[in-house]
Structure formats: structure tokens, C-alpha cells
Amino acid sequence: MARARTIEQVRIPSRGETEQRRRRNALLRIASLALAAITVFLIASCQNPDPIAKEKERTLTPDERYLVEYYMKIAELRKNLHDNPASIEEKRAHLESEIDTVRIRRTIAALERKPERWLTVYGRINELRYRADRDDST
């Protein structure tokens, strides 16, 4: 059971002790605010997916697929340059006649307006080249 104190028994804190309590309370408030800010930041960052990862996972547009196909045909032509040098011009002319250069330029211009979209195109090209190299080696 708590005993009642008399006025003489109550100790009055000194000015230094009072100042020390104020500083400690202020530091506790600052630490609490910092902790709250960090918590809010972590929660907000968990809710926003990485835009780069999201861009890498998106599906190519038909024009972007056309650009990738065109690139792969050029890569195949370059790879076969050494096989038959006499037919290079013929193959190049045939490839140029198949390609819609206006569509390619339009697609590249659209990608240049949003450069992060190139990530998906490069990813698809790398995937196709890896598959082609793996198929060639087996």
C-alpha cells in the first residue's frame, strides 16, 4: 500500500534535473517521429513495385515484335556472311524488300520517347539469341 507523503517529504527537482528531463523528452519525441517516418517510408516502398522490373515483364507490342524479328533476321544474315559471300547482296536485297522501314522508324521513335521500354525489347532479343545459340550448339 502506498503511503501518503507530506509536503516536506516531496522532493522538488532542481533546475538542471528539469532541463535534463526536457531534453530527454525532446529526444524521445524526435526518435519517435523518425521511427514513424521510416515505418511510413517502408510501407509505401513495399506497395510501389519496381518500375524497371515491371517494364521488363511487360508484353511486347506488335510493332516491337516486328522490330525484334527484323533484328533477328539481320543477326542471322550477319552470322551467315562467311558461309557464302557471293549471295550476301542477294540476301540483303531480299531482306530489305521484306521490311516495312516506316513501321521500324515509327517503332524506334516511340521507344525513344520512353527509353525504359527498350528493356523489354532488349530482353526479348537476348532471350531469342540465347535460344538460337543453344540450338546451334546442340
# chains A, B, ... in the order shown; residues from 1 in each chain; ligands from 1

call {"tool": "closest_atom_pairs", "arguments": {"of": "segment 12-111 of chain A", "to": "segment 131-136 of chain A", "cutoff": "12 Å", "atoms": "only C-alpha atoms", "output": "Markdown table"}}
result
| residue | atom | partner | partner_atom | distance |
| --- | --- | --- | --- | --- |
| A:Met72 | CA | A:Ala132 | CA | 9.7 |
| A:Lys73 | CA | A:Ala132 | CA | 11.8 |
| A:Ala75 | CA | A:Ala132 | CA | 10.6 |
| A:Glu76 | CA | A:Ala132 | CA | 9.5 |
| A:Lys79 | CA | A:Asp133 | CA | 11.0 |

call {"tool": "select_by_dssp", "arguments": {"residues": "chain A", "states": "alpha helix (DSSP H)", "output": "number ranges by chain"}}
result
A: 15-47, 51-57, 62-79, 88-98, 101-113, 118-137

call {"tool": "residues_around", "arguments": {"residues": "segment 91-106 of chain A", "least_positions_apart": "5", "cutoff": "12 Å", "atoms": "only C-alpha atoms", "output": "list of chain:residue names"}}
result
A:Pro62, A:Asp63, A:Glu64, A:Arg65, A:Tyr66, A:Leu67, A:Val68, A:Glu69, A:Tyr70, A:Tyr71, A:Met72, A:Lys73, A:Ile74, A:Ala75, A:Glu76, A:Leu77, A:Arg78, A:Asn80, A:Leu81, A:Asn84, A:Pro85, A:Ala86, A:Leu111, A:Glu112, A:Arg113

call {"tool": "residues_around", "arguments": {"residues": "Leu60 of chain A", "least_positions_apart": "6", "cutoff": "9 Å", "atoms": "only C-alpha atoms", "output": "number ranges by chain"}}
result
A: 120-121, 124

call {"tool": "atom_distance", "arguments": {"atom1": "atom CA of Lys54 of chain A", "atom2": "atom CA of Ile108 of chain A"}}
result
20.4 Å
